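Novice: Mind looking over this structure? Questions follow.
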Amino acid sequence: MGKKKKEKKDKKDKKKVQPEQVVASPAASAAVSVRDLLRVGPGFDLSQIDPRRIVAGPEDKELARAEVAALEPEVTALQERLYAESKGSGKRRLLVVLQGMDTSGKGGAAKAIDRVSEPIGLRMANFGSPTKEELRHHYLWRIEKALPPVGSIGVFDRSHYEDVLIVRVRNLVPEDVWSGRYDEINAWEKKLSDGGLVFLKCMLHISKAEQQERLLARLVEPDKNWKYNPGDVDERMLWDQYQEAYQVALTQCSTEYAPWYVIPADRKWHRDWLLTRLVAETLREMDPQYPAIDYDVETEIGRVKAS
C-alpha cells in the first residue's frame with residue numbers, strides 16, 4: 001500500500017507541475033557540460049557508476065522538470081534550423097540511440113525528447129526480436145531502413161547494439177560471429193558519421209533493485225499488467241552477464257565520432273533532465289544554419305504587396 005500511494009503521489013505531482021509554477025535556471029545549468037560528465041572514455045567501468053546518483057543540475061524533482069520544459073523553445077528552434085539546412089545543401093541529421101536493461105525507461109526517455117521537440121521533425125523506431133524477413137538479411141539491414149531522413153531527429157528504442165548484447169548473452173550466434181560485430185559497428189557508424197549523421201548513444205543505467213521495483217509495479221497495478229513480460233525475469237537472472245556485455249559494448253564502441261553516454265536512470269526525472277540536456281548540447285554544437293536565399297527580400301516584399 002505504501003508503494004502504491006507513493007506512485008499515485010508521483011503521478012499527481014507530475015500533473016500539477018507546470019513550467020510557470022517553478023523558476024527554472026537553464027542558464028546556470030547550461031554552464032555544465034553533461035556530455036563531458038557522462039561520456040564513456042578510457043578506463044570506464046560500468047560497475048562504478050551509481051544509477052541513483054544526481055550527476056548535475058537540480059536535486060529537486062519539480063525544478064528539474066521545469067528546467068526541462070524551459071529547454072523546449074531552444075531545442076525546437078535548433079530543430080527547425082536543422083530541417084531548413086537540409087533544404088539547402090545540408091546533409092546532417094541526429095540519431096538518439098536508447099539502450100538499457102528491461103524497465104530502464106527507454107519509452108519514458110523517448111517521451112522526454114518528444115516533449116521538447118516538434119513532432120513533425122521527429123522519427124521514432126523500436127527494435128524488438130527480428131522478424132523472419134529481417135533474419136534473412138544482415139543484422140544492420142533493419143537499422144538502415146529506420147534511419148531518420150536528412151534534417152530530422154531520430155530516436156531508437158533499442159538498436160543494432162542488441163546484436164552484441166542479447167545475442168552475446170543468449171548465444172544466439174557463435175562467438176566468432178558476434179565478436180566481430182564491434183569493429184563492424186564502428187566502421188558502419190564511421191561511414192554514417194562521415195555522411196552527416198550525428199550519433200547520440202545513451203545507455204540508461206538502472207540498478208538491479210530498481211528493476212525489481214519496476215517489475216513489481218507492473219504486476220500490482222492492473223493497468224500496468226500489459227507491460228509485464230514473464231520473460232523479463234528470465235533476462236533478469238542473467239543480470240551479471242548483461243552488465244559484462246554492456247561494459248564491452250560501451251568501451252569497444254565509444255568513439256570520437258559516435259561516443260557513448262551513460263545516464264544514471266533510477267530517478268526518472270533526473271534521467272529526463274540529463275537526456276534533454278544531452279540533446280540540447282548536441283544540437284548547439286551542430287549549430288545548424290538556415291540556407292542562403294537566391295532572391296532579394298525587398299524586391300519580393302514589393303511583389304507580394306502588389307499582388
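Naming works like this for the C-alpha cells: A, B, ... for the chains as they're shown, residue 1 at the start of each chain, ligands 1 onward in shown order.
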Would you give me, as a VMD selection string, the residues in stretch 20-215 of chain A that DSSP reads as helix (DSSP H, G or I)?

Specialist: chain A and resid 20 to 21 26 to 30 34 to 38 46 to 48 61 to 70 72 to 86 106 to 115 119 to 121 132 to 135 141 to 146 160 to 164 166 to 169 175 to 178 181 to 194 208 to 215

Novice: From stretch 105-162 of chain A, collect each residue whose DSSP state is strand (DSSP E) and return the set as an MDAnalysis selection string.

Specialist: chainID A and resid 122:126 153:157

Novice: Out of A:Thr76, A:Leu122, A:Val96, A:Ser89, which residue has the shortest atom-to-atom distance to A:Ala109 when counting only C-alpha atoms?

Specialist: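 Of all the options, A:Val96 lies closest to A:Ala109.
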
Novice: Show me, as a PyMOL selection string, the residues that have an atom within 10 Å of stretch 202-217 of chain A when counting only C-alpha atoms, minus same-chain residues fewer than 6 positions from it.

Specialist: chain A and resi 3-4+7+38-39+46+49-52+96-106+109+158+224-225+227-230+232-233+236+239-240+243+246+250+259-268+271+275+278

Novice: Find the residue from A:Ala69, A:Val75, A:Ile293, A:Val164 that sits nearest to A:Gly180; use only C-alpha atoms when measuring.

Specialist: A:Val164

Novice: Could you produce a table of the residues of stretch 256-295 of chain A lying within 9 Å of stretch 57-68 of chain A, with the nearest pair of atoms per residue and their separation in Å rounded to one decimal, using only C-alpha atoms, ordered by chain and increasing residue number, as a Markdown table?

Specialist:
```
| residue | atom | partner | partner_atom | distance |
| --- | --- | --- | --- | --- |
| A:Trp269 | CA | A:Lys61 | CA | 6.2 |
| A:His270 | CA | A:Ala64 | CA | 7.0 |
| A:Asp272 | CA | A:Val68 | CA | 7.6 |
| A:Trp273 | CA | A:Val68 | CA | 5.8 |
| A:Leu274 | CA | A:Gly57 | CA | 8.3 |
| A:Thr276 | CA | A:Val68 | CA | 6.7 |
| A:Arg277 | CA | A:Val68 | CA | 7.8 |
```

Novice: Take the selection from the previous step and output its residues with all heavy atoms, as a PDB file, in the first residue's frame.

Specialist:
```
ATOM      1  N   TRP A 269      13.051  11.448 -13.243  1.00  0.00           N
ATOM      2  CA  TRP A 269      13.085  12.879 -13.515  1.00  0.00           C
ATOM      3  C   TRP A 269      14.503  13.370 -13.787  1.00  0.00           C
ATOM      4  O   TRP A 269      14.705  14.268 -14.611  1.00  0.00           O
ATOM      5  CB  TRP A 269      12.464  13.656 -12.349  1.00  0.00           C
ATOM      6  CG  TRP A 269      13.090  13.393 -11.007  1.00  0.00           C
ATOM      7  CD1 TRP A 269      12.739  12.423 -10.109  1.00  0.00           C
ATOM      8  CD2 TRP A 269      14.198  14.090 -10.421  1.00  0.00           C
ATOM      9  NE1 TRP A 269      13.551  12.484  -8.997  1.00  0.00           N
ATOM     10  CE2 TRP A 269      14.453  13.494  -9.153  1.00  0.00           C
ATOM     11  CE3 TRP A 269      14.985  15.171 -10.831  1.00  0.00           C
ATOM     12  CZ2 TRP A 269      15.475  13.938  -8.300  1.00  0.00           C
ATOM     13  CZ3 TRP A 269      15.993  15.616  -9.987  1.00  0.00           C
ATOM     14  CH2 TRP A 269      16.231  15.003  -8.749  1.00  0.00           C
ATOM     15  N   HIS A 270      15.487  12.757 -13.129  1.00  0.00           N
ATOM     16  CA  HIS A 270      16.882  13.140 -13.374  1.00  0.00           C
ATOM     17  C   HIS A 270      17.355  12.582 -14.714  1.00  0.00           C
ATOM     18  O   HIS A 270      18.095  13.251 -15.451  1.00  0.00           O
ATOM     19  CB  HIS A 270      17.773  12.639 -12.241  1.00  0.00           C
ATOM     20  CG  HIS A 270      19.199  13.100 -12.344  1.00  0.00           C
ATOM     21  ND1 HIS A 270      19.536  14.432 -12.440  1.00  0.00           N
ATOM     22  CD2 HIS A 270      20.380  12.408 -12.387  1.00  0.00           C
ATOM     23  CE1 HIS A 270      20.862  14.555 -12.522  1.00  0.00           C
ATOM     24  NE2 HIS A 270      21.385  13.341 -12.495  1.00  0.00           N
ATOM     25  N   ASP A 272      15.523  12.234 -17.329  1.00  0.00           N
ATOM     26  CA  ASP A 272      14.977  13.119 -18.360  1.00  0.00           C
ATOM     27  C   ASP A 272      15.731  14.443 -18.426  1.00  0.00           C
ATOM     28  O   ASP A 272      15.934  15.000 -19.503  1.00  0.00           O
ATOM     29  CB  ASP A 272      13.491  13.369 -18.101  1.00  0.00           C
ATOM     30  CG  ASP A 272      12.652  12.117 -18.289  1.00  0.00           C
ATOM     31  OD1 ASP A 272      13.178  11.118 -18.817  1.00  0.00           O
ATOM     32  OD2 ASP A 272      11.467  12.129 -17.900  1.00  0.00           O
ATOM     33  N   TRP A 273      16.161  14.950 -17.274  1.00  0.00           N
ATOM     34  CA  TRP A 273      16.919  16.195 -17.246  1.00  0.00           C
ATOM     35  C   TRP A 273      18.239  16.009 -17.991  1.00  0.00           C
ATOM     36  O   TRP A 273      18.622  16.835 -18.828  1.00  0.00           O
ATOM     37  CB  TRP A 273      17.171  16.627 -15.800  1.00  0.00           C
ATOM     38  CG  TRP A 273      17.793  17.990 -15.675  1.00  0.00           C
ATOM     39  CD1 TRP A 273      17.154  19.182 -15.531  1.00  0.00           C
ATOM     40  CD2 TRP A 273      19.210  18.297 -15.665  1.00  0.00           C
ATOM     41  NE1 TRP A 273      18.068  20.214 -15.448  1.00  0.00           N
ATOM     42  CE2 TRP A 273      19.332  19.694 -15.526  1.00  0.00           C
ATOM     43  CE3 TRP A 273      20.358  17.526 -15.770  1.00  0.00           C
ATOM     44  CZ2 TRP A 273      20.578  20.340 -15.492  1.00  0.00           C
ATOM     45  CZ3 TRP A 273      21.602  18.157 -15.739  1.00  0.00           C
ATOM     46  CH2 TRP A 273      21.697  19.547 -15.597  1.00  0.00           C
ATOM     47  N   LEU A 274      18.939  14.914 -17.688  1.00  0.00           N
ATOM     48  CA  LEU A 274      20.221  14.647 -18.332  1.00  0.00           C
ATOM     49  C   LEU A 274      20.055  14.432 -19.836  1.00  0.00           C
ATOM     50  O   LEU A 274      20.820  14.970 -20.648  1.00  0.00           O
ATOM     51  CB  LEU A 274      20.880  13.418 -17.704  1.00  0.00           C
ATOM     52  CG  LEU A 274      21.383  13.573 -16.265  1.00  0.00           C
ATOM     53  CD1 LEU A 274      21.773  12.208 -15.694  1.00  0.00           C
ATOM     54  CD2 LEU A 274      22.569  14.532 -16.203  1.00  0.00           C
ATOM     55  N   THR A 276      17.607  15.367 -21.972  1.00  0.00           N
ATOM     56  CA  THR A 276      17.226  16.547 -22.753  1.00  0.00           C
ATOM     57  C   THR A 276      18.376  17.535 -22.864  1.00  0.00           C
ATOM     58  O   THR A 276      18.531  18.211 -23.881  1.00  0.00           O
ATOM     59  CB  THR A 276      15.986  17.236 -22.154  1.00  0.00           C
ATOM     60  OG1 THR A 276      16.197  17.485 -20.762  1.00  0.00           O
ATOM     61  CG2 THR A 276      14.745  16.374 -22.332  1.00  0.00           C
ATOM     62  N   ARG A 277      19.213  17.596 -21.834  1.00  0.00           N
ATOM     63  CA  ARG A 277      20.392  18.468 -21.920  1.00  0.00           C
ATOM     64  C   ARG A 277      21.406  17.907 -22.917  1.00  0.00           C
ATOM     65  O   ARG A 277      22.094  18.657 -23.615  1.00  0.00           O
ATOM     66  CB  ARG A 277      21.024  18.659 -20.552  1.00  0.00           C
ATOM     67  CG  ARG A 277      20.078  19.268 -19.527  1.00  0.00           C
ATOM     68  CD  ARG A 277      20.773  20.099 -18.495  1.00  0.00           C
ATOM     69  NE  ARG A 277      20.987  21.457 -18.955  1.00  0.00           N
ATOM     70  CZ  ARG A 277      20.039  22.395 -18.980  1.00  0.00           C
ATOM     71  NH1 ARG A 277      18.810  22.111 -18.613  1.00  0.00           N
ATOM     72  NH2 ARG A 277      20.325  23.595 -19.402  1.00  0.00           N
TER      73      ARG A 277
END
```

Novice: Name all residues at most 10 Å from A:Asp287 (count only C-alpha atoms; drop same-chain ones fewer than 5 positions away) and give them as a list of chain:residue names.

Specialist: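 Residues near the query, excluding close chain neighbours: A:Leu78, A:Gln79, A:Arg81, A:Leu82, A:Glu281, A:Thr282.
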
Novice: Can you write out the residues you just picked, keeping all heavy atoms, as a PDB file, in the first residue's frame?

Specialist:
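What follows is the written file again-v1.pdb:
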```
ATOM      1  N   LEU A  78      16.414  25.076 -32.831  1.00  0.00           N
ATOM      2  CA  LEU A  78      17.546  24.384 -33.453  1.00  0.00           C
ATOM      3  C   LEU A  78      17.062  23.277 -34.388  1.00  0.00           C
ATOM      4  O   LEU A  78      17.647  23.036 -35.451  1.00  0.00           O
ATOM      5  CB  LEU A  78      18.450  23.800 -32.362  1.00  0.00           C
ATOM      6  CG  LEU A  78      19.272  24.820 -31.566  1.00  0.00           C
ATOM      7  CD1 LEU A  78      19.832  24.171 -30.303  1.00  0.00           C
ATOM      8  CD2 LEU A  78      20.399  25.383 -32.415  1.00  0.00           C
ATOM      9  N   GLN A  79      15.995  22.616 -33.992  1.00  0.00           N
ATOM     10  CA  GLN A  79      15.418  21.562 -34.820  1.00  0.00           C
ATOM     11  C   GLN A  79      14.912  22.131 -36.137  1.00  0.00           C
ATOM     12  O   GLN A  79      15.104  21.539 -37.204  1.00  0.00           O
ATOM     13  CB  GLN A  79      14.284  20.890 -34.041  1.00  0.00           C
ATOM     14  CG  GLN A  79      13.669  19.682 -34.717  1.00  0.00           C
ATOM     15  CD  GLN A  79      12.511  19.127 -33.902  1.00  0.00           C
ATOM     16  OE1 GLN A  79      12.037  19.755 -32.958  1.00  0.00           O
ATOM     17  NE2 GLN A  79      12.038  17.938 -34.269  1.00  0.00           N
ATOM     18  N   ARG A  81      16.036  24.830 -37.610  1.00  0.00           N
ATOM     19  CA  ARG A  81      17.213  25.201 -38.401  1.00  0.00           C
ATOM     20  C   ARG A  81      17.840  23.976 -39.057  1.00  0.00           C
ATOM     21  O   ARG A  81      18.333  24.039 -40.190  1.00  0.00           O
ATOM     22  CB  ARG A  81      18.228  25.927 -37.518  1.00  0.00           C
ATOM     23  CG  ARG A  81      17.885  27.391 -37.283  1.00  0.00           C
ATOM     24  CD  ARG A  81      18.639  28.011 -36.129  1.00  0.00           C
ATOM     25  NE  ARG A  81      20.068  27.726 -36.129  1.00  0.00           N
ATOM     26  CZ  ARG A  81      20.885  28.068 -35.143  1.00  0.00           C
ATOM     27  NH1 ARG A  81      20.411  28.698 -34.069  1.00  0.00           N
ATOM     28  NH2 ARG A  81      22.175  27.796 -35.215  1.00  0.00           N
ATOM     29  N   LEU A  82      17.827  22.847 -38.350  1.00  0.00           N
ATOM     30  CA  LEU A  82      18.364  21.608 -38.921  1.00  0.00           C
ATOM     31  C   LEU A  82      17.553  21.191 -40.142  1.00  0.00           C
ATOM     32  O   LEU A  82      18.108  20.791 -41.174  1.00  0.00           O
ATOM     33  CB  LEU A  82      18.353  20.496 -37.866  1.00  0.00           C
ATOM     34  CG  LEU A  82      18.897  19.133 -38.292  1.00  0.00           C
ATOM     35  CD1 LEU A  82      20.372  19.228 -38.648  1.00  0.00           C
ATOM     36  CD2 LEU A  82      18.686  18.094 -37.183  1.00  0.00           C
ATOM     37  N   GLU A 281      22.654  20.146 -25.939  1.00  0.00           N
ATOM     38  CA  GLU A 281      24.089  20.384 -26.126  1.00  0.00           C
ATOM     39  C   GLU A 281      24.542  19.938 -27.510  1.00  0.00           C
ATOM     40  O   GLU A 281      25.327  20.622 -28.178  1.00  0.00           O
ATOM     41  CB  GLU A 281      24.900  19.632 -25.070  1.00  0.00           C
ATOM     42  CG  GLU A 281      25.031  20.339 -23.742  1.00  0.00           C
ATOM     43  CD  GLU A 281      26.013  19.630 -22.817  1.00  0.00           C
ATOM     44  OE1 GLU A 281      26.998  19.028 -23.321  1.00  0.00           O
ATOM     45  OE2 GLU A 281      25.801  19.670 -21.593  1.00  0.00           O
ATOM     46  N   THR A 282      24.056  18.787 -27.936  1.00  0.00           N
ATOM     47  CA  THR A 282      24.461  18.249 -29.233  1.00  0.00           C
ATOM     48  C   THR A 282      23.974  19.141 -30.364  1.00  0.00           C
ATOM     49  O   THR A 282      24.722  19.430 -31.313  1.00  0.00           O
ATOM     50  CB  THR A 282      23.929  16.815 -29.406  1.00  0.00           C
ATOM     51  OG1 THR A 282      24.402  15.998 -28.322  1.00  0.00           O
ATOM     52  CG2 THR A 282      24.388  16.216 -30.722  1.00  0.00           C
TER      53      THR A 282
END
```

Novice: With a distance cut-off of 7 Å and only C-alpha atoms, select the neighbouring residues of stretch 193-198 of chain A, excluding the residue or stretch itself and same-chain residues fewer than 5 positions from it, and output the selection as a PyMOL selection string.

Specialist: chain A and resi 91-95+257

Novice: Could you check the closest approach to A:Ser254 for each of A:His138, A:Arg115, A:Lys201, A:Arg53 and tell me which residue wins, using only C-alpha atoms?

Specialist: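 Closest residue, counting only C-alpha atoms: A:Lys201.
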
Novice: Could you tell me how far atom CA of A:Asp183 lies from atom CA of A:Asp157, in Å and to one decimal?

Specialist: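 About the pair atom CA of A:Asp183 and atom CA of A:Asp157: they are 22.1 Å apart.
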
Novice: When you look at A:Ser129 with a cut-off of 12 Å (counting only C-alpha atoms), what residues show up, excluding the ones that are within fewer than 2 positions of it in the same chain? I need them as a ChimeraX atom specification.

Specialist: /A:126-127,131-135,139,142,158-160,162-163,166-167,172

Novice: Restricted to C-alpha atoms, what would the selected residues look like written as a compact mmCIF listing (two decimals), in the first residue's frame?

Specialist:
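Once everything was written out, this is again15.txt:
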```txt
# COMPACT_ATOMS: atom_id res chain seq x y z
CA ASN A 126 11.54 0.46 -31.88
CA PHE A 127 13.52 -2.74 -32.36
CA THR A 131 11.07 -10.80 -37.88
CA LYS A 132 11.53 -13.71 -40.28
CA GLU A 133 12.15 -11.26 -43.10
CA GLU A 134 14.72 -9.32 -41.04
CA LEU A 135 16.55 -12.54 -40.16
CA TYR A 139 21.58 -7.53 -38.90
CA ARG A 142 16.58 -3.20 -40.48
CA ARG A 158 16.92 -0.37 -28.72
CA SER A 159 19.17 -0.61 -31.76
CA HIS A 160 21.88 -2.53 -33.60
CA GLU A 162 21.10 -5.75 -29.43
CA ASP A 163 23.30 -7.84 -31.72
CA ILE A 166 21.23 -10.18 -26.04
CA VAL A 167 22.81 -12.06 -28.93
CA LEU A 172 22.12 -16.69 -30.41
```

Novice: Ranking A:Ile120, A:Ala187, A:Ile301, A:Val40 by minimum distance to A:Leu200 and counting only C-alpha atoms, which one comes first?

Specialist: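 Of A:Ile120, A:Ala187, A:Ile301, A:Val40, the one nearest A:Leu200, counting only C-alpha atoms, is A:Val40.
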